[in-house]
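Asks: Okay, handing you the structure first.
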4 protein chains.
Amino acid sequence: MILVLKPDATPEQINHILEHVEKLGFTPYPIRGEFRTVIGIVGDDNKPGTESLNALDGLEQVLPILKPFKLASREFHKADTVVTVGSTKIGGGFLGAIAGPCAVESLEVVDGIAQRVHAAGANLLRGGAFKPRTSPYSFQGLGEKGLHILREVGNRYGMPVVTEVMDTRHIDLVARHADMLQIGARNMQNFELLKEVGQTKKPVLLKRGMSATVKDLLMSAEYILSGGNSQVVLCERGVRSFEDSTRNMLDLASVPNIKGQCHLPVIVDPSHATGRRDLIPPMALAAVAAGADGVHVEVHTCPEKALSDGPQALLPEQFDALMRDVKRIAALFDKKLT
Amino acid sequence: MILVLKPDATPEQINHILEHVEKLGFTPYPIRGEFRTVIGIVGDDNKPGTESLNALDGLEQVLPILKPFKLASREFHKADTVVTVGSTKIGGGFLGAIAGPCAVESLEVVDGIAQRVHAAGANLLRGGAFKPRTSPYSFQGLGEKGLHILREVGNRYGMPVVTEVMDTRHIDLVARHADMLQIGARNMQNFELLKEVGQTKKPVLLKRGMSATVKDLLMSAEYILSGGNSQVVLCERGVRSFEDSTRNMLDLASVPNIKGQCHLPVIVDPSHATGRRDLIPPMALAAVAAGADGVHVEVHTCPEKALSDGPQALLPEQFDALMRDVKRIAALFDKKLT
Amino acid sequence: MILVLKPDATPEQINHILEHVEKLGFTPYPIRGEFRTVIGIVGDDNKPGTESLNALDGLEQVLPILKPFKLASREFHKADTVVTVGSTKIGGGFLGAIAGPCAVESLEVVDGIAQRVHAAGANLLRGGAFKPRTSPYSFQGLGEKGLHILREVGNRYGMPVVTEVMDTRHIDLVARHADMLQIGARNMQNFELLKEVGQTKKPVLLKRGMSATVKDLLMSAEYILSGGNSQVVLCERGVRSFEDSTRNMLDLASVPNIKGQCHLPVIVDPSHATGRRDLIPPMALAAVAAGADGVHVEVHTCPEKALSDGPQALLPEQFDALMRDVKRIAALFDKKLT
Amino acid sequence: MILVLKPDATPEQINHILEHVEKLGFTPYPIRGEFRTVIGIVGDDNKPGTESLNALDGLEQVLPILKPFKLASREFHKADTVVTVGSTKIGGGFLGAIAGPCAVESLEVVDGIAQRVHAAGANLLRGGAFKPRTSPYSFQGLGEKGLHILREVGNRYGMPVVTEVMDTRHIDLVARHADMLQIGARNMQNFELLKEVGQTKKPVLLKRGMSATVKDLLMSAEYILSGGNSQVVLCERGVRSFEDSTRNMLDLASVPNIKGQCHLPVIVDPSHATGRRDLIPPMALAAVAAGADGVHVEVHTCPEKALSDGPQALLPEQFDALMRDVKRIAALFDKKLT
């Protein structure tokens, strides 16, 4: 850590700060400059108690030097983590192609969609049984019945399934039926939920919160990893911005940004990021070109009958075309779909 | 609702849209313009199934006309709601002055702070027992023991107490000890939690999410209201922005913005909004001048020993000065503290 | 400055960095920690050539310590600057009350508005002759004719006048007619324009850009100050955000934030910040309570005939009421209007 | 346009609005609904005077239906525009590969860089002679001398050159030496500058402002097009956001978003968008995969000696590798470099 003192910090304040640093068990190295003093601190930035430094008089800024996450960092784990979900691998050269409807609506609808996305090359089936909806008056999902449907359809096509869990009380139930647990954007900082999924052995798909920085996302992954569950896939799905012609702003640079400092696989969801069918294919291709470990796309056989988010679902024939292009770009970068 | 069709929508597409609208039970009024066709729809925008309109071919935009919330709207409930928490009233001319430490640390510390803020005029004591922390390695709160401390100190000074609840499994426990349940910014769209606190009879302090629009906040309030709990106080606490010299950006205009369309009380938390001790007093005064129904301020007798968020806590003497000014501005606007 | 080296920086890289620092004329103080090395640098952060440090191999971050602006800083000039515009003073306890139409439309309209705002207590008349409009098809202002009208009406009521200058070629013309030059939000980083108004002796009203940080704004002020013109008033007018129910997000905390580190007066423009007539009065009052040195409000006698921005103009009677309340809050804080 | 009236609009207000609409020369179609009245308006949304509608009493919202730009829209001009800059074509299947140093520093440096980027396949040489710098104390560019250098080096390698123009007074000078005029992000809404470059016959590279929406960008293009200059290339270069680990947030979805509604070529500048050398190659590749008509990349032979923005410049050998990959992706999409 580096402590930057105020230009008018008094000698008493400086001494008090030096004593406080030593009391915390650190060695302070003061550098007295022309305009102000800075204090270098050798030791672990993440040590408990260091937060208290922020409140000292005479101090202008505490500049951390170490990353606040450990288990998620490449310094801790150099090689790419490969997450295995049933027969599907994600990361380290393996691409995940997650597709399915926004919500599980009925066995027939999910089956129709799964048949098509499976044929096109998707290797993980998605569908929401518990749905986070902005309005209490919107369709809230089929709950347990939806889980049964998703499982059944997954089995029919030999596809592992991923679905969202929104509440600690539902983890056991969802984990019984699903192969991978999704933490949605709105729950990325639901820390109790993160702790509990960290206790399971299920792979987790952790979506970036709508105003989460890359660092925030990695800290949330750290919650899960520190619980003992190392099977985490991160998902960029766009953040809030002033641009009003798309639902969110897809921060595609987060993919190489994360992968440079973290060993976990990163996939991209252009459906939620843009909210517009016309923008999904180009952004899915861009994601693969940017180095993403997979894509997450909503597909519906009849978007105008979808109970949720119809406008952002691709039609099956659009998904077919997209997967053909995904495979061509993947081949350029030696990525494969299992 | 208004449906705006694409300039090149075909007659077949237009007919399909008109039929779909009628199938949903609405009456469509097409207006055929020079450049494109729009269709006015008479009826309730919030009717189930209307979402499906978004996915129709030939359609460019669906423009809603009604607000998506009802119970929270002034159209539904014209008069200001007054929320009563123990002896304290908030809204309709009554100011809430919520103060206390970020986290409940020990009986002694909370008592020392409560004694001071009570003397200065605070009418609601706050303190976190369950703490949402970005890092799994930060202090996570005392949990149940913290609730006991907060209750005990509240009783000593005759102050009702408010504390955060982060998980559906903790609601009963927190509700046994606290007079008001706080939903934190990170849980503003934890819909399961909102539904469950909607089932309690406890007043709720609902904080705005870090990237929530005013409409999102009101939709989350609607979740609680629609569960049968009408005692909701909203709290503006700043949103994420590109400005990097404050922790968040305080959107003070949200106060008159919300109060114009919603009957619930709105208070302001300048501590979390700015994250800087020097900015808290001016923003608390600005909040009252803007028409807020109260302020929410962190106070600590020894910020450098605080286990959480020390730099954004006022010292007791700063809080004394602030409360004197708050009362002077409140008097100008005929607001009172009970 | 503090140089934070990468954890895996090689001894060769470290040596190269130390040499480079010395070549720039600085003394480096390396601190070799458990996890990585940091190098403290004593000397002036703003020295030419220091930017080159950013590009060195083995370096992770360069942390500046000094503020990048000088003339604008309180460290350079401790007392509040009072800017004098004709008979009006702004700053150091004096409130500016700038009012008038968005655009100068005709002598009659401006006269009618000036008469009313003057009577209500405004002490500076505003009106746009050159208008920055998003669309090339919108009214672009009366140009020179508008300047004549504004000057004439200012003279009638003994009010100094402020108007926008958008191009270096117009500075002489505008300066001949106006008492104060406004640099609009869209031109806050039009550095050629800043340099040129820095060469005039006219007071300048510098509006914050739509995505400018507080630091960016102060750097733009520094451009003007470094040209020799010390008469600069800063104006907070809202920034871009995801909130879609107001035109911009008013960052009112910027007022105490700026005033703590800069001696220049700061005023607030709630008209452009919110774009909504109902939100202007509460935000103007909040601005004064937050310590602003004035307000900037659009007023129109007939908003529905305004050629620009009608919806954000107060009616004269609303402005009367607002000024009464402004004076009451100003009195609490010992501020006066000249 | 659609006028949405307030739920409590009085019959008098409704009549006044209908009369006002007719006075503007439009035909109003009122639709009286259960909860409120809306008025459909047939005619040209962009007609002068329509803005006045916003200020009418009883009105809640004016919803435009037509796009506010015309010449830039695909409705006006269906085919892709191909912009020709000397021997280079951009758009309609032709990729621009713009490369060069941030600032023109000396003949030797620019020559060394041009030699390398030309060999790697770049088809347009960039370099700043007039530099917009946040600080008045930073290097401001060589001015006219820089233009001479850029021209000379361009001629040596047979590369057309593009450079920024920051002020209306410099247009003639810059146009004498450069093949393409760049309008920088900070001047995207410098409307006087846009009007004047609209009067030249030079191709223009228009960069997106740091907080400009896609619509804002297209409106700025409209300024140039409406002046008679149809040779405009748009450039996505990232926008301001809360994410603090990159310089800006690259909004790559703007590429297909713009191309769907506008016929002008769109290129992407990952150097300014990310500010980080490690992120430039993946984002340049993603840009081509997303359908961009080119990339704009800063390259420097010795970034640590660069007078400006060294950390975001690729080394020549990195640019070589990037161009190899760009060509492979371009081939997949049948794009060619001239």
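In the structure tokens, the first chain shown is A, the next is B, and so on; residue numbers restart at 1 for each chain, and ligands run from 1 in the order shown.
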For a quick test of understanding: name the residues of chain C lying within 7 Å of chain B when counting only C-alpha atoms, and present them as a PyMOL selection string.
Replies: chain C and resi 213+243+249-251+253+256-257+279+282-283+285-287+289-291
Asks: Please identify all polymer residues within 8 Å of Val82 in chain A, counting only C-alpha atoms, omitting same-chain residues fewer than 3 positions from it, and present them as an mmCIF file with N, CA and C atoms, in the first residue's frame.
Replies:
```cif
data_model
loop_
_atom_site.group_PDB
_atom_site.id
_atom_site.type_symbol
_atom_site.label_atom_id
_atom_site.label_comp_id
_atom_site.auth_asym_id
_atom_site.auth_seq_id
_atom_site.Cartn_x
_atom_site.Cartn_y
_atom_site.Cartn_z
ATOM 1 N N LYS A 89 -17.156 -28.971 -22.054
ATOM 2 C CA LYS A 89 -16.040 -28.278 -21.416
ATOM 3 C C LYS A 89 -16.066 -26.817 -21.849
ATOM 4 N N ILE A 90 -15.716 -25.932 -20.913
ATOM 5 C CA ILE A 90 -15.650 -24.504 -21.213
ATOM 6 C C ILE A 90 -14.323 -23.974 -20.687
ATOM 7 N N GLY A 91 -13.576 -23.290 -21.565
ATOM 8 C CA GLY A 91 -12.300 -22.698 -21.152
ATOM 9 C C GLY A 91 -11.123 -23.493 -21.684
ATOM 10 N N GLY A 92 -9.969 -22.860 -21.721
ATOM 11 C CA GLY A 92 -8.760 -23.549 -22.136
ATOM 12 C C GLY A 92 -8.849 -24.123 -23.539
ATOM 13 N N PHE A 94 -11.745 -24.727 -25.151
ATOM 14 C CA PHE A 94 -13.079 -25.299 -25.388
ATOM 15 C C PHE A 94 -14.135 -24.197 -25.313
ATOM 16 N N LEU A 264 -10.247 -17.979 -14.912
ATOM 17 C CA LEU A 264 -11.570 -18.576 -15.137
ATOM 18 C C LEU A 264 -12.058 -18.330 -16.563
ATOM 19 N N PRO A 265 -12.863 -19.219 -17.112
ATOM 20 C CA PRO A 265 -13.429 -18.997 -18.448
ATOM 21 C C PRO A 265 -14.407 -17.813 -18.423
#
```
Asks: Can you tell me which residues surround Leu217 in chain D at a distance of at most 12 Å, considering only C-alpha atoms, apart from same-chain residues fewer than 5 positions away, and format the answer as an NGL selection string?
Replies: (:A and (243)) or (:C and (134-135)) or (:D and (68-69 or 72 or 183-185 or 187-191 or 194 or 205-212 or 222-224 or 232-237 or 239 or 254 or 257-258 or 262 or 264 or 266))
Asks: Grab the residues selected above and save them as a short mmCIF file (atom, residue, chain, number, x, y, z; two decimals), in the first residue's frame with N, CA, C and O atoms.
Replies:
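Listing of selection.cif after writing:
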```cif
data_model
loop_
_atom_site.label_atom_id
_atom_site.label_comp_id
_atom_site.auth_asym_id
_atom_site.auth_seq_id
_atom_site.Cartn_x
_atom_site.Cartn_y
_atom_site.Cartn_z
N GLU A 243 -26.44 5.14 -23.30
CA GLU A 243 -26.88 4.83 -24.66
C GLU A 243 -28.28 4.21 -24.59
O GLU A 243 -28.46 3.19 -23.93
N THR C 134 -28.23 20.13 -31.40
CA THR C 134 -27.92 18.76 -31.81
C THR C 134 -28.26 18.54 -33.29
O THR C 134 -27.58 17.81 -33.99
N SER C 135 -29.33 19.17 -33.75
CA SER C 135 -29.76 18.97 -35.14
C SER C 135 -29.42 20.18 -36.01
O SER C 135 -29.67 21.32 -35.61
N PRO D 68 -34.44 11.67 -36.38
CA PRO D 68 -34.17 13.10 -36.55
C PRO D 68 -33.11 13.38 -37.61
O PRO D 68 -32.86 14.53 -37.93
N PHE D 69 -32.49 12.36 -38.15
CA PHE D 69 -31.51 12.60 -39.22
C PHE D 69 -32.09 12.03 -40.52
O PHE D 69 -32.92 11.10 -40.49
N ALA D 72 -28.16 10.99 -43.40
CA ALA D 72 -27.33 9.90 -42.87
C ALA D 72 -28.07 8.57 -42.83
O ALA D 72 -27.47 7.54 -42.59
N ILE D 183 -12.24 14.78 -37.12
CA ILE D 183 -12.88 15.55 -36.04
C ILE D 183 -12.78 14.67 -34.81
O ILE D 183 -13.31 13.55 -34.79
N GLY D 184 -12.13 15.13 -33.78
CA GLY D 184 -11.90 14.33 -32.59
C GLY D 184 -13.14 14.22 -31.71
O GLY D 184 -14.11 14.97 -31.87
N ALA D 185 -13.08 13.27 -30.78
CA ALA D 185 -14.22 13.03 -29.89
C ALA D 185 -14.66 14.29 -29.15
O ALA D 185 -15.84 14.54 -28.99
N ASN D 187 -14.58 17.26 -30.07
CA ASN D 187 -15.21 18.25 -30.96
C ASN D 187 -16.40 17.68 -31.73
O ASN D 187 -16.86 18.32 -32.65
N MET D 188 -16.88 16.51 -31.33
CA MET D 188 -17.97 15.92 -32.11
C MET D 188 -19.20 16.81 -32.13
O MET D 188 -20.02 16.75 -33.05
N GLN D 189 -19.35 17.63 -31.08
CA GLN D 189 -20.48 18.56 -31.09
C GLN D 189 -20.00 20.01 -31.14
O GLN D 189 -20.66 20.90 -30.61
N ASN D 190 -18.86 20.22 -31.76
CA ASN D 190 -18.42 21.57 -32.08
C ASN D 190 -19.07 21.89 -33.42
O ASN D 190 -18.52 21.64 -34.48
N PHE D 191 -20.27 22.43 -33.34
CA PHE D 191 -21.11 22.49 -34.53
C PHE D 191 -20.57 23.45 -35.59
O PHE D 191 -20.77 23.24 -36.78
N LEU D 194 -18.13 21.43 -37.50
CA LEU D 194 -18.82 20.48 -38.38
C LEU D 194 -19.35 21.18 -39.63
O LEU D 194 -19.23 20.68 -40.74
N LEU D 205 -13.16 12.03 -41.03
CA LEU D 205 -13.22 10.94 -40.06
C LEU D 205 -13.82 11.54 -38.79
O LEU D 205 -13.18 12.34 -38.11
N LEU D 206 -15.05 11.15 -38.48
CA LEU D 206 -15.78 11.76 -37.37
C LEU D 206 -15.80 10.79 -36.20
O LEU D 206 -16.46 9.74 -36.25
N LYS D 207 -15.14 11.16 -35.10
CA LYS D 207 -15.07 10.27 -33.95
C LYS D 207 -16.23 10.53 -32.99
O LYS D 207 -16.65 11.67 -32.81
N ARG D 208 -16.71 9.46 -32.40
CA ARG D 208 -17.83 9.55 -31.47
C ARG D 208 -17.40 10.26 -30.19
O ARG D 208 -16.35 9.95 -29.63
N GLY D 209 -18.22 11.17 -29.73
CA GLY D 209 -17.95 11.89 -28.48
C GLY D 209 -17.99 10.95 -27.29
O GLY D 209 -18.62 9.89 -27.33
N MET D 210 -17.34 11.37 -26.21
CA MET D 210 -17.18 10.48 -25.07
C MET D 210 -18.49 10.17 -24.35
O MET D 210 -18.57 9.20 -23.61
N SER D 211 -19.51 11.00 -24.55
CA SER D 211 -20.81 10.66 -23.98
C SER D 211 -21.89 10.86 -25.02
O SER D 211 -23.03 11.17 -24.68
N ALA D 212 -21.54 10.65 -26.26
CA ALA D 212 -22.52 10.78 -27.33
C ALA D 212 -23.26 9.47 -27.54
O ALA D 212 -22.64 8.41 -27.57
N GLU D 222 -24.88 14.30 -39.78
CA GLU D 222 -25.90 15.02 -40.58
C GLU D 222 -25.47 16.47 -40.81
O GLU D 222 -25.72 17.04 -41.87
N TYR D 223 -24.84 17.08 -39.81
CA TYR D 223 -24.32 18.46 -39.98
C TYR D 223 -23.37 18.52 -41.17
O TYR D 223 -23.42 19.42 -41.99
N ILE D 224 -22.47 17.55 -41.25
CA ILE D 224 -21.48 17.56 -42.34
C ILE D 224 -22.15 17.26 -43.67
O ILE D 224 -21.93 17.94 -44.67
N VAL D 232 -18.06 10.89 -45.34
CA VAL D 232 -17.88 10.83 -43.89
C VAL D 232 -17.70 9.39 -43.44
O VAL D 232 -18.49 8.52 -43.80
N VAL D 233 -16.66 9.14 -42.65
CA VAL D 233 -16.44 7.84 -42.01
C VAL D 233 -16.63 8.05 -40.51
O VAL D 233 -16.05 8.97 -39.93
N LEU D 234 -17.44 7.21 -39.91
CA LEU D 234 -17.69 7.32 -38.47
C LEU D 234 -16.69 6.44 -37.72
O LEU D 234 -16.26 5.41 -38.24
N CYS D 235 -16.37 6.85 -36.51
CA CYS D 235 -15.39 6.07 -35.73
C CYS D 235 -15.84 5.88 -34.28
O CYS D 235 -15.98 6.85 -33.54
N GLU D 236 -16.06 4.63 -33.92
CA GLU D 236 -16.34 4.27 -32.52
C GLU D 236 -15.02 4.22 -31.77
O GLU D 236 -14.10 3.51 -32.19
N ARG D 237 -14.92 4.96 -30.65
CA ARG D 237 -13.65 5.01 -29.92
C ARG D 237 -13.87 4.93 -28.42
O ARG D 237 -13.02 5.35 -27.64
N VAL D 239 -16.71 5.11 -24.95
CA VAL D 239 -17.43 6.16 -24.23
C VAL D 239 -17.10 6.09 -22.75
O VAL D 239 -16.55 5.11 -22.26
N SER D 254 -22.20 -0.66 -31.25
CA SER D 254 -22.58 0.50 -32.06
C SER D 254 -22.30 0.24 -33.53
O SER D 254 -22.93 0.86 -34.39
N ASN D 257 -25.24 -1.58 -34.93
CA ASN D 257 -26.34 -0.66 -34.60
C ASN D 257 -26.37 0.50 -35.61
O ASN D 257 -27.41 0.82 -36.19
N ILE D 258 -25.23 1.10 -35.86
CA ILE D 258 -25.16 2.20 -36.83
C ILE D 258 -25.39 1.68 -38.25
O ILE D 258 -26.18 2.24 -39.01
N CYS D 262 -27.77 3.43 -41.02
CA CYS D 262 -26.98 4.50 -41.66
C CYS D 262 -26.05 3.88 -42.69
O CYS D 262 -25.48 2.81 -42.46
N LEU D 264 -23.20 5.11 -43.89
CA LEU D 264 -21.80 5.54 -43.84
C LEU D 264 -20.91 4.42 -43.28
O LEU D 264 -21.36 3.62 -42.46
N VAL D 266 -18.21 2.64 -40.88
CA VAL D 266 -17.92 2.76 -39.45
C VAL D 266 -16.62 2.02 -39.16
O VAL D 266 -16.50 0.83 -39.48
#
```
Asks: Leaving out range 50-63 of chain C and any residue of its chain fewer than 2 positions from it, which residues lie within 10 Å of it when counting only C-alpha atoms, given as a count of residues only?
Replies: 49
Asks: Could you go through range 142-192 of chain A and tell me which residues DSSP, when run on the backbone, assigns to helix (DSSP H, G or I), listing them as a PyMOL selection string?
Replies: chain A and resi 144-157+168-177+185-187+191-192
Asks: Looking only at the backbone, which of the residues in range 96-305 of chain C does DSSP tag as strand (DSSP E), as an mmCIF file with N, CA, C and O atoms, in the first residue's frame?
Replies:
```
data_model
loop_
_atom_site.group_PDB
_atom_site.id
_atom_site.type_symbol
_atom_site.label_atom_id
_atom_site.label_comp_id
_atom_site.auth_asym_id
_atom_site.auth_seq_id
_atom_site.Cartn_x
_atom_site.Cartn_y
_atom_site.Cartn_z
ATOM 1 N N GLY C 96 -24.659 34.747 -7.493
ATOM 2 C CA GLY C 96 -25.116 35.122 -8.823
ATOM 3 C C GLY C 96 -26.485 34.526 -9.066
ATOM 4 O O GLY C 96 -26.725 33.379 -8.708
ATOM 5 N N ALA C 97 -27.384 35.309 -9.646
ATOM 6 C CA ALA C 97 -28.695 34.786 -10.033
ATOM 7 C C ALA C 97 -28.853 35.110 -11.508
ATOM 8 O O ALA C 97 -29.262 36.209 -11.879
ATOM 9 N N ILE C 98 -28.478 34.150 -12.317
ATOM 10 C CA ILE C 98 -28.454 34.321 -13.766
ATOM 11 C C ILE C 98 -29.756 33.787 -14.331
ATOM 12 O O ILE C 98 -30.118 32.648 -14.055
ATOM 13 N N ALA C 99 -30.457 34.625 -15.075
ATOM 14 C CA ALA C 99 -31.743 34.174 -15.611
ATOM 15 C C ALA C 99 -31.978 34.811 -16.963
ATOM 16 O O ALA C 99 -31.376 35.833 -17.305
ATOM 17 N N GLY C 100 -32.870 34.200 -17.705
ATOM 18 C CA GLY C 100 -33.224 34.694 -19.031
ATOM 19 C C GLY C 100 -33.664 33.547 -19.910
ATOM 20 O O GLY C 100 -33.707 32.394 -19.471
ATOM 21 N N LEU C 124 -27.999 38.933 -13.360
ATOM 22 C CA LEU C 124 -27.227 38.722 -14.592
ATOM 23 C C LEU C 124 -28.217 38.164 -15.607
ATOM 24 O O LEU C 124 -28.951 37.216 -15.306
ATOM 25 N N LEU C 125 -28.246 38.786 -16.795
ATOM 26 C CA LEU C 125 -29.207 38.367 -17.822
ATOM 27 C C LEU C 125 -28.532 37.436 -18.812
ATOM 28 O O LEU C 125 -27.445 37.753 -19.306
ATOM 29 N N ARG C 126 -29.168 36.307 -19.109
ATOM 30 C CA ARG C 126 -28.590 35.383 -20.058
ATOM 31 C C ARG C 126 -29.492 35.281 -21.302
ATOM 32 O O ARG C 126 -30.677 35.629 -21.247
ATOM 33 N N VAL C 161 -24.771 41.195 -18.981
ATOM 34 C CA VAL C 161 -25.291 40.079 -19.771
ATOM 35 C C VAL C 161 -24.209 39.039 -20.060
ATOM 36 O O VAL C 161 -23.035 39.367 -20.192
ATOM 37 N N VAL C 162 -24.676 37.775 -20.120
ATOM 38 C CA VAL C 162 -23.791 36.659 -20.441
ATOM 39 C C VAL C 162 -24.396 35.890 -21.610
ATOM 40 O O VAL C 162 -25.605 35.681 -21.665
ATOM 41 N N THR C 163 -23.545 35.492 -22.533
ATOM 42 C CA THR C 163 -24.020 34.738 -23.692
ATOM 43 C C THR C 163 -22.911 33.827 -24.185
ATOM 44 O O THR C 163 -21.733 34.068 -23.906
ATOM 45 N N GLU C 164 -23.325 32.790 -24.903
ATOM 46 C CA GLU C 164 -22.370 31.757 -25.295
ATOM 47 C C GLU C 164 -21.549 32.154 -26.513
ATOM 48 O O GLU C 164 -22.053 32.772 -27.456
ATOM 49 N N MET C 180 -19.934 38.908 -20.071
ATOM 50 C CA MET C 180 -19.362 37.629 -19.640
ATOM 51 C C MET C 180 -19.531 36.639 -20.790
ATOM 52 O O MET C 180 -20.585 36.616 -21.443
ATOM 53 N N LEU C 181 -18.504 35.836 -21.027
ATOM 54 C CA LEU C 181 -18.531 34.866 -22.118
ATOM 55 C C LEU C 181 -18.855 33.484 -21.564
ATOM 56 O O LEU C 181 -18.194 33.038 -20.616
ATOM 57 N N GLN C 182 -19.845 32.841 -22.133
ATOM 58 C CA GLN C 182 -20.147 31.484 -21.698
ATOM 59 C C GLN C 182 -19.497 30.473 -22.634
ATOM 60 O O GLN C 182 -19.602 30.583 -23.846
ATOM 61 N N ILE C 183 -18.813 29.483 -22.028
ATOM 62 C CA ILE C 183 -18.339 28.322 -22.780
ATOM 63 C C ILE C 183 -19.307 27.197 -22.453
ATOM 64 O O ILE C 183 -19.445 26.814 -21.282
ATOM 65 N N VAL C 204 -15.531 34.672 -17.576
ATOM 66 C CA VAL C 204 -15.957 33.501 -18.333
ATOM 67 C C VAL C 204 -16.841 32.621 -17.451
ATOM 68 O O VAL C 204 -16.536 32.401 -16.278
ATOM 69 N N LEU C 205 -17.933 32.144 -18.024
ATOM 70 C CA LEU C 205 -18.789 31.153 -17.366
ATOM 71 C C LEU C 205 -18.515 29.825 -18.067
ATOM 72 O O LEU C 205 -18.891 29.639 -19.220
ATOM 73 N N LEU C 206 -17.850 28.909 -17.359
ATOM 74 C CA LEU C 206 -17.403 27.654 -17.966
ATOM 75 C C LEU C 206 -18.293 26.517 -17.493
ATOM 76 O O LEU C 206 -18.283 26.152 -16.319
ATOM 77 N N LYS C 207 -19.064 25.953 -18.411
ATOM 78 C CA LYS C 207 -19.980 24.883 -18.030
ATOM 79 C C LYS C 207 -19.305 23.516 -18.121
ATOM 80 O O LYS C 207 -18.483 23.271 -18.996
ATOM 81 N N VAL C 232 -12.984 33.361 -13.781
ATOM 82 C CA VAL C 232 -13.711 32.189 -14.274
ATOM 83 C C VAL C 232 -14.728 31.729 -13.228
ATOM 84 O O VAL C 232 -14.387 31.562 -12.065
ATOM 85 N N VAL C 233 -15.974 31.549 -13.673
ATOM 86 C CA VAL C 233 -17.020 30.970 -12.834
ATOM 87 C C VAL C 233 -17.345 29.592 -13.427
ATOM 88 O O VAL C 233 -17.568 29.469 -14.636
ATOM 89 N N LEU C 234 -17.340 28.570 -12.575
ATOM 90 C CA LEU C 234 -17.648 27.213 -13.041
ATOM 91 C C LEU C 234 -19.140 26.951 -12.902
ATOM 92 O O LEU C 234 -19.787 27.511 -12.014
ATOM 93 N N CYS C 235 -19.666 26.113 -13.757
ATOM 94 C CA CYS C 235 -21.099 25.824 -13.702
ATOM 95 C C CYS C 235 -21.378 24.337 -13.832
ATOM 96 O O CYS C 235 -21.086 23.722 -14.850
ATOM 97 N N GLU C 236 -21.973 23.776 -12.778
ATOM 98 C CA GLU C 236 -22.440 22.385 -12.804
ATOM 99 C C GLU C 236 -23.784 22.372 -13.507
ATOM 100 O O GLU C 236 -24.699 23.084 -13.106
ATOM 101 N N VAL C 266 -18.594 28.548 -7.998
ATOM 102 C CA VAL C 266 -19.315 27.463 -8.671
ATOM 103 C C VAL C 266 -20.800 27.766 -8.619
ATOM 104 O O VAL C 266 -21.349 27.979 -7.522
ATOM 105 N N ILE C 267 -21.446 27.796 -9.764
ATOM 106 C CA ILE C 267 -22.896 27.955 -9.774
ATOM 107 C C ILE C 267 -23.534 26.702 -10.367
ATOM 108 O O ILE C 267 -22.851 25.823 -10.885
ATOM 109 N N VAL C 268 -24.856 26.623 -10.274
ATOM 110 C CA VAL C 268 -25.576 25.418 -10.694
ATOM 111 C C VAL C 268 -26.694 25.805 -11.663
ATOM 112 O O VAL C 268 -27.398 26.786 -11.439
ATOM 113 N N GLY C 294 -24.295 30.507 -6.776
ATOM 114 C CA GLY C 294 -25.322 31.092 -7.623
ATOM 115 C C GLY C 294 -26.084 30.034 -8.364
ATOM 116 O O GLY C 294 -25.777 28.838 -8.284
ATOM 117 N N VAL C 295 -27.127 30.495 -9.047
ATOM 118 C CA VAL C 295 -27.934 29.591 -9.866
ATOM 119 C C VAL C 295 -28.108 30.203 -11.249
ATOM 120 O O VAL C 295 -27.966 31.415 -11.435
ATOM 121 N N HIS C 296 -28.407 29.375 -12.185
ATOM 122 C CA HIS C 296 -28.542 29.745 -13.594
ATOM 123 C C HIS C 296 -29.832 29.079 -14.068
ATOM 124 O O HIS C 296 -29.909 27.856 -14.142
ATOM 125 N N VAL C 297 -30.846 29.893 -14.313
ATOM 126 C CA VAL C 297 -32.177 29.346 -14.561
ATOM 127 C C VAL C 297 -32.766 29.945 -15.828
ATOM 128 O O VAL C 297 -32.710 31.156 -16.036
ATOM 129 N N GLU C 298 -33.340 29.107 -16.657
ATOM 130 C CA GLU C 298 -34.022 29.617 -17.845
ATOM 131 C C GLU C 298 -35.444 30.001 -17.497
ATOM 132 O O GLU C 298 -36.141 29.280 -16.794
#
```
